[in-house]
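Below is run.json, holding JSON, C-alpha atoms.
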```json
[["chain", "number", "residue", "atom", "x", "y", "z"],
["A", 1338, "ILE", "CA", 17.71, -6.57, -21.52],
["A", 1339, "ALA", "CA", 13.91, -6.67, -21.57],
["A", 1340, "ALA", "CA", 13.72, -3.19, -23.05],
["A", 1341, "THR", "CA", 16.40, -3.92, -25.63],
["A", 1342, "SER", "CA", 14.76, -7.15, -26.78],
["A", 1343, "ILE", "CA", 11.75, -5.24, -28.14],
["A", 1344, "ALA", "CA", 13.39, -1.90, -28.95],
["A", 1345, "LEU", "CA", 15.96, -3.67, -31.12],
["A", 1346, "GLU", "CA", 13.13, -5.22, -33.13],
["A", 1347, "LYS", "CA", 11.70, -1.74, -33.68],
["A", 1348, "GLU", "CA", 15.04, -0.22, -34.60],
["A", 1349, "SER", "CA", 15.96, -2.95, -37.09],
["A", 1350, "LYS", "CA", 12.43, -2.94, -38.61],
["A", 1351, "THR", "CA", 11.97, -6.65, -37.90],
["A", 1352, "LEU", "CA", 9.06, -6.24, -35.49],
["A", 1353, "GLU", "CA", 6.57, -5.83, -38.33],
["A", 1354, "VAL", "CA", 7.80, -9.06, -39.92],
["A", 1355, "LEU", "CA", 7.67, -10.85, -36.58],
["A", 1356, "LEU", "CA", 4.06, -9.80, -36.04],
["A", 1357, "THR", "CA", 3.03, -11.23, -39.41],
["A", 1358, "MET", "CA", 4.22, -14.72, -38.40],
["A", 1359, "PRO", "CA", 1.54, -17.29, -37.46],
["A", 1360, "VAL", "CA", 2.26, -16.79, -33.76],
["A", 1361, "SER", "CA", 0.07, -14.91, -31.33],
["A", 1362, "ARG", "CA", 1.34, -11.66, -29.88],
["A", 1363, "VAL", "CA", 0.92, -13.06, -26.38],
["A", 1364, "THR", "CA", 3.34, -15.86, -27.28],
["A", 1365, "ILE", "CA", 5.87, -13.32, -28.59],
["A", 1366, "LEU", "CA", 5.57, -11.20, -25.47],
["A", 1367, "LEU", "CA", 5.88, -14.17, -23.12],
["A", 1368, "SER", "CA", 8.86, -15.50, -25.09],
["A", 1369, "LYS", "CA", 10.73, -12.24, -24.65],
["A", 1370, "LEU", "CA", 9.78, -12.18, -20.99],
["A", 1371, "LEU", "CA", 10.96, -15.78, -20.56],
["A", 1372, "GLY", "CA", 14.33, -14.98, -22.11],
["A", 1373, "THR", "CA", 14.85, -12.19, -19.59],
["A", 1374, "PHE", "CA", 13.48, -14.38, -16.79],
["A", 1375, "LEU", "CA", 16.48, -16.68, -17.19],
["A", 1376, "ILE", "CA", 18.77, -13.70, -16.58],
["A", 1377, "VAL", "CA", 16.71, -12.90, -13.47],
["A", 1378, "LEU", "CA", 17.31, -16.42, -12.16],
["A", 1379, "LEU", "CA", 21.04, -16.08, -12.73],
["A", 1380, "GLY", "CA", 21.01, -12.70, -10.98],
["A", 1381, "THR", "CA", 19.14, -14.15, -7.99],
["A", 1382, "ILE", "CA", 21.53, -17.10, -7.76],
["A", 1383, "SER", "CA", 24.55, -14.79, -7.90],
["A", 1384, "PHE", "CA", 23.02, -12.69, -5.12],
["A", 1385, "ILE", "CA", 22.48, -15.81, -3.00],
["A", 1386, "VAL", "CA", 26.12, -16.83, -3.46],
["A", 1387, "GLY", "CA", 27.40, -13.32, -2.69],
["A", 1388, "PHE", "CA", 25.16, -12.94, 0.35],
["A", 1389, "GLY", "CA", 26.23, -16.36, 1.62],
["A", 1390, "ILE", "CA", 29.91, -15.44, 1.33],
["A", 1391, "TYR", "CA", 29.25, -12.12, 3.05],
["A", 1392, "SER", "CA", 27.40, -13.85, 5.90],
["A", 1393, "LEU", "CA", 30.19, -16.38, 6.41],
["A", 1394, "MET", "CA", 32.85, -13.66, 6.48],
["A", 1395, "PHE", "CA", 31.09, -11.64, 9.17],
["A", 1396, "ALA", "CA", 29.53, -14.48, 11.16],
["A", 1397, "GLY", "CA", 30.34, -14.13, 14.83],
["A", 1398, "THR", "CA", 31.84, -10.64, 14.44],
["A", 1399, "MET", "CA", 31.96, -8.76, 17.72],
["A", 1400, "VAL", "CA", 31.83, -4.99, 18.19],
["A", 1401, "SER", "CA", 34.78, -3.66, 20.19],
["A", 1402, "ILE", "CA", 34.49, -0.34, 22.03],
["A", 1403, "SER", "CA", 37.64, 1.16, 23.58],
["A", 1404, "PRO", "CA", 37.71, 4.15, 25.95],
["A", 1405, "ALA", "CA", 39.98, 7.19, 25.69],
["A", 1406, "PRO", "CA", 43.73, 6.50, 25.33],
["A", 1407, "GLN", "CA", 44.62, 7.99, 28.72],
["A", 1408, "SER", "CA", 42.42, 5.56, 30.62],
["A", 1409, "SER", "CA", 43.11, 1.94, 31.29],
["A", 1410, "ALA", "CA", 42.74, -0.38, 28.37],
["A", 1411, "VAL", "CA", 39.28, -1.85, 28.64],
["A", 1412, "SER", "CA", 37.47, -3.58, 25.82],
["A", 1413, "LEU", "CA", 33.72, -4.02, 25.75],
["A", 1414, "LYS", "CA", 32.48, -6.66, 23.36],
["A", 1415, "LEU", "CA", 28.84, -6.65, 22.35],
["A", 1416, "PRO", "CA", 27.12, -9.45, 20.44],
["A", 1417, "PRO", "CA", 25.97, -8.45, 16.95],
["A", 1418, "ILE", "CA", 22.29, -7.90, 16.29],
["A", 1419, "GLN", "CA", 20.80, -11.18, 15.14],
["A", 1420, "PRO", "CA", 18.24, -11.03, 12.32],
["A", 1421, "SER", "CA", 14.99, -12.93, 12.47],
["A", 1422, "PRO", "CA", 14.97, -16.52, 11.12],
["A", 1423, "ILE", "CA", 12.63, -15.38, 8.34],
["A", 1424, "PHE", "CA", 15.03, -12.65, 7.21],
["A", 1425, "VAL", "CA", 16.96, -14.64, 4.61],
["A", 1426, "PRO", "CA", 13.87, -16.14, 2.89],
["A", 1427, "ILE", "CA", 12.16, -12.73, 2.85],
["A", 1428, "LEU", "CA", 15.31, -11.10, 1.49],
["A", 1429, "LEU", "CA", 15.70, -13.60, -1.35],
["A", 1430, "ILE", "CA", 12.00, -13.44, -2.29],
["A", 1431, "ALA", "CA", 12.11, -9.63, -2.21],
["A", 1432, "ILE", "CA", 15.17, -9.50, -4.48],
["A", 1433, "PHE", "CA", 13.61, -12.01, -6.90],
["A", 1434, "VAL", "CA", 10.26, -10.19, -7.06],
["A", 1435, "THR", "CA", 12.05, -6.86, -7.53],
["A", 1436, "MET", "CA", 14.03, -8.26, -10.46],
["A", 1437, "ILE", "CA", 10.83, -9.53, -12.07],
["A", 1438, "MET", "CA", 9.14, -6.17, -11.47],
["A", 1439, "THR", "CA", 12.08, -4.31, -12.98],
["A", 1440, "THR", "CA", 12.02, -6.69, -15.94],
["A", 1441, "CYS", "CA", 8.36, -5.83, -16.53],
["A", 1442, "ILE", "CA", 9.24, -2.14, -16.41],
["A", 1443, "GLY", "CA", 11.88, -2.80, -19.06],
["A", 1444, "LEU", "CA", 9.37, -4.72, -21.14],
["A", 1445, "LEU", "CA", 6.93, -1.81, -21.05],
["A", 1446, "VAL", "CA", 9.71, 0.65, -21.85],
["A", 1447, "GLY", "CA", 10.76, -1.45, -24.82],
["A", 1448, "ILE", "CA", 7.25, -1.18, -26.21],
["A", 1449, "LEU", "CA", 7.20, 2.58, -25.70],
["A", 1450, "GLY", "CA", 10.74, 3.33, -26.85],
["A", 1451, "SER", "CA", 11.60, 4.21, -30.43],
["A", 1452, "ASP", "CA", 15.02, 2.52, -30.54],
["A", 1453, "VAL", "CA", 17.55, 0.76, -28.33],
["A", 1454, "ARG", "CA", 19.28, 3.87, -27.01],
["A", 1455, "SER", "CA", 16.01, 5.62, -26.20],
["A", 1456, "ALA", "CA", 14.72, 2.51, -24.42],
["A", 1457, "GLN", "CA", 17.88, 2.19, -22.33],
["A", 1458, "GLN", "CA", 17.79, 5.87, -21.38],
["A", 1459, "LEU", "CA", 14.09, 5.63, -20.56],
["A", 1460, "VAL", "CA", 14.69, 2.64, -18.26],
["A", 1461, "GLY", "CA", 17.22, 4.64, -16.27],
["A", 1462, "ALA", "CA", 15.00, 7.71, -16.22],
["A", 1463, "ILE", "CA", 12.17, 5.64, -14.72],
["A", 1464, "THR", "CA", 13.91, 3.25, -12.33],
["A", 1465, "PHE", "CA", 16.51, 5.60, -10.80],
["A", 1466, "PRO", "CA", 13.99, 8.16, -9.41],
["A", 1467, "LEU", "CA", 11.85, 5.31, -8.11],
["A", 1468, "LEU", "CA", 14.69, 3.37, -6.46],
["A", 1469, "MET", "CA", 17.03, 5.90, -4.85],
["A", 1470, "PRO", "CA", 14.69, 8.23, -2.86],
["A", 1471, "PRO", "CA", 13.08, 5.47, -0.75],
["A", 1472, "PHE", "CA", 16.49, 3.89, -0.20],
["A", 1473, "PHE", "CA", 18.05, 7.03, 1.27],
["A", 1474, "ILE", "CA", 14.93, 8.19, 3.13],
["A", 1475, "LEU", "CA", 14.23, 4.85, 4.82],
["A", 1476, "LEU", "CA", 17.93, 4.48, 5.61],
["A", 1477, "PHE", "CA", 17.75, 7.41, 8.03],
["A", 1478, "ALA", "CA", 14.09, 7.67, 9.04],
["A", 1479, "PRO", "CA", 11.33, 5.14, 9.78],
["A", 1480, "LEU", "CA", 8.31, 5.35, 7.50],
["A", 1481, "ASP", "CA", 5.91, 6.14, 10.36],
["A", 1482, "SER", "CA", 7.98, 9.17, 11.42],
["A", 1483, "LEU", "CA", 7.65, 10.90, 8.04],
["A", 1484, "PRO", "CA", 5.02, 13.54, 7.15],
["A", 1485, "THR", "CA", 1.81, 12.16, 5.71],
["A", 1486, "GLY", "CA", 2.45, 13.48, 2.20],
["A", 1487, "VAL", "CA", 5.95, 12.01, 2.04],
["A", 1488, "LYS", "CA", 4.69, 8.73, 3.49],
["A", 1489, "LEU", "CA", 1.93, 8.41, 0.89],
["A", 1490, "ALA", "CA", 4.33, 9.28, -1.92],
["A", 1491, "LEU", "CA", 6.73, 6.59, -0.76],
["A", 1492, "LEU", "CA", 3.98, 4.00, -0.42],
["A", 1493, "ALA", "CA", 2.96, 4.70, -4.02],
["A", 1494, "ASP", "CA", 6.50, 3.83, -5.10],
["A", 1495, "PRO", "CA", 6.79, 0.05, -5.63],
["A", 1496, "PHE", "CA", 10.50, 0.04, -4.76],
["A", 1497, "THR", "CA", 9.67, 1.38, -1.30],
["A", 1498, "HIS", "CA", 8.07, -1.96, -0.51],
["A", 1499, "LEU", "CA", 11.34, -3.73, -1.35],
["A", 1500, "PHE", "CA", 13.08, -1.94, 1.53],
["A", 1501, "LEU", "CA", 10.06, -2.30, 3.80],
["A", 1502, "ALA", "CA", 9.97, -6.04, 3.17],
["A", 1503, "ILE", "CA", 13.67, -6.33, 4.02],
["A", 1504, "GLN", "CA", 13.31, -4.21, 7.17],
["A", 1505, "ASN", "CA", 10.26, -6.12, 8.39],
["A", 1506, "GLY", "CA", 11.87, -9.45, 7.58],
["A", 1507, "PHE", "CA", 14.93, -8.48, 9.62],
["A", 1508, "ILE", "CA", 12.89, -7.77, 12.76],
["A", 1509, "GLY", "CA", 10.54, -10.72, 12.21],
["A", 1510, "GLU", "CA", 7.38, -8.85, 11.21],
["A", 1511, "ILE", "CA", 6.27, -11.53, 8.74],
["A", 1512, "GLY", "CA", 2.80, -10.06, 8.18],
["A", 1513, "ALA", "CA", 4.14, -6.65, 7.18],
["A", 1514, "ALA", "CA", 6.84, -8.25, 5.04],
["A", 1515, "ILE", "CA", 4.30, -10.37, 3.17],
["A", 1516, "LEU", "CA", 2.12, -7.28, 2.64],
["A", 1517, "SER", "CA", 5.05, -5.44, 1.05],
["A", 1518, "LEU", "CA", 5.86, -8.44, -1.17],
["A", 1519, "THR", "CA", 2.21, -8.70, -2.20],
["A", 1520, "THR", "CA", 2.20, -5.02, -3.17],
["A", 1521, "MET", "CA", 5.20, -5.54, -5.44],
["A", 1522, "ILE", "CA", 3.59, -8.61, -7.01],
["A", 1523, "VAL", "CA", 0.36, -6.66, -7.68],
["A", 1524, "PHE", "CA", 2.35, -3.85, -9.28],
["A", 1525, "THR", "CA", 4.19, -6.40, -11.43],
["A", 1526, "ILE", "CA", 0.89, -7.87, -12.61],
["A", 1527, "ILE", "CA", -0.38, -4.38, -13.49],
["A", 1528, "LEU", "CA", 2.77, -3.76, -15.54],
["A", 1529, "LEU", "CA", 2.29, -7.06, -17.37],
["A", 1530, "LEU", "CA", -1.35, -6.26, -18.14],
["A", 1531, "LEU", "CA", -0.42, -2.80, -19.41],
["A", 1532, "SER", "CA", 2.39, -4.24, -21.56],
["A", 1533, "SER", "CA", 0.00, -6.83, -22.97],
["A", 1534, "LEU", "CA", -2.59, -4.16, -23.76],
["A", 1535, "LEU", "CA", -0.06, -2.05, -25.66],
["A", 1536, "PHE", "CA", 1.43, -5.08, -27.36],
["A", 1537, "MET", "CA", -1.93, -6.16, -28.73],
["A", 1538, "GLY", "CA", -2.81, -2.99, -30.60],
["A", 1539, "GLU", "CA", -1.29, -1.03, -33.43],
["A", 1540, "ARG", "CA", 0.25, 1.36, -30.91],
["A", 1541, "LEU", "CA", 3.08, -1.15, -30.66],
["A", 1542, "ILE", "CA", 4.20, -0.02, -34.14],
["A", 1543, "THR", "CA", 3.25, 3.64, -34.02],
["A", 1544, "MET", "CA", 4.15, 4.60, -30.46],
["A", 1545, "ARG", "CA", 7.53, 6.32, -30.14],
["A", 1546, "ILE", "CA", 8.97, 7.85, -26.98],
["A", 1547, "THR", "CA", 12.53, 9.14, -27.13],
["A", 1548, "LEU", "CA", 14.84, 11.02, -24.78],
["A", 1549, "ARG", "CA", 17.31, 12.07, -27.42],
["A", 1550, "LYS", "CA", 18.15, 15.74, -27.64],
["A", 1551, "ARG", "CA", 17.37, 17.49, -30.85],
["A", 1552, "ALA", "CA", 20.29, 18.80, -32.76],
["A", 1553, "ALA", "CA", 20.83, 22.51, -32.25],
["A", 1554, "GLU", "CA", 19.73, 24.65, -35.12],
["A", 1555, "THR", "CA", 22.51, 26.52, -36.89]]
```
Take the structure in this file and express it as structure tokens.
Amino acid sequence: IAATSIALEKESKTLEVLLTMPVSRVTILLSKLLGTFLIVLLGTISFIVGFGIYSLMFAGTMVSISPAPQSSAVSLKLPPIQPSPIFVPILLIAIFVTMIMTTCIGLLVGILGSDVRSAQQLVGAITFPLLMPPFFILLFAPLDSLPTGVKLALLADPFTHLFLAIQNGFIGEIGAAILSLTTMIVFTIILLLLSSLLFMGERLITMRITLRKRAAET
């Protein structure tokens, strides 16, 4: 949505007219960000509702372990692992900050893209490689157990800190969770500053990045 809001202005040739209005470019940028921010709030609220329903459905679930069929029927019930009391607040803050960060990525992509389709493709080309590798890697291996090069590469990825914040919040490591959240907030601020810098200059009109394939020559 953030990328489309600016890319559509470029594609329909209304951005030039908008920039001639007696409104500062900062106001225009913040207005587009605010419009997407409302969608972020709705997304966070829907996540809260879904997570609440999920928690109620599986509250008090016990794990049942049965031996081989030929032995006597014995059932061992183990209590589920209980998350830390700070887990839910950390989870909600992490999801909210991640949505804001992704919105800022979309805003920057909208400035760089040449049209709506290119902006949408560019968003996927940027966010997917950043989001999926840390998800799968941290799902099976702790960060500290990874080689130094892989560890540094993951720490440079802002989405890695989303999963680290959730993991640390689950086990009650509030300091580490706050550090991960702070890293995402700093990255979000950097994205906003970069978007503002590009939005202020003439590169906003002239810059064009597209992922469309050129038609094959006949």
(message) From the options A:Ile1526, A:Ile1474, A:Leu1356, A:Leu1367, which residue's atoms come nearest to Leu1501 (chain A), counting all atoms listed in the file?
(response)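 Among the listed residues, the smallest separation from Leu1501 (chain A) belongs to A:Ile1474.
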(request) Between A:Ile1432, A:Met1469, A:Met1537, A:Ala1490, single out the one closest to Met1521 (chain A), counting only C-alpha atoms. (result) A:Ile1432
(request) Mind checking which residues fall within 9 Å of Leu1529 (chain A), counting all atoms listed in the file, ignoring those fewer than 3 positions away in the same chain, and posting them as a ChimeraX atom specification? (result) /A:1441-1442,1444-1445,1524-1526,1532-1534
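Near Ala1514 (chain A), within 9 Å and counting all atoms listed in the file, sit Ile1427, His1498, Leu1501, Ala1502, Ile1503, Gln1504, Asn1505, Gly1506, Gly1509 and Thr1519 of chain A, not including residues fewer than 5 positions from it in the same chain.
Here CA of Leu1492 (chain A) stands at a distance of 16.5 Å from CA of Gly1512 (chain A).
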(request) Could you please determine the separation between CA of Ile1508 (chain A) and CA of Phe1477 (chain A) in Å, to one decimal place? (result)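 For CA of Ile1508 (chain A) relative to CA of Phe1477 (chain A), the distance reads 16.6 Å.
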(message) Give me, as a ChimeraX atom specification, all polymer residues having an atom no more than 10 Å from Ile1385 (chain A), counting only C-alpha atoms and skipping those fewer than 3 positions away in the same chain.
(response) /A:1379-1382,1388-1391,1425,1428-1429,1432
Put a box with edges along x, y and z around all the listed atoms of region 1445-1452 of chain A, pad it by 5 Å on each side, then give me its centre and sizes in Å, one decimal, as lines of an AutoDock Vina configuration file.
```
center_x = 11.0
center_y = 1.2
center_z = -25.8
size_x = 18.1
size_y = 16.0
size_z = 19.5
```
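Minimum atom-to-atom distance to Leu1535 (chain A), evaluated using all atoms listed in the file, belongs to A:Leu1366 out of A:Ile1423, A:Leu1352, A:Leu1366, A:Ala1478.
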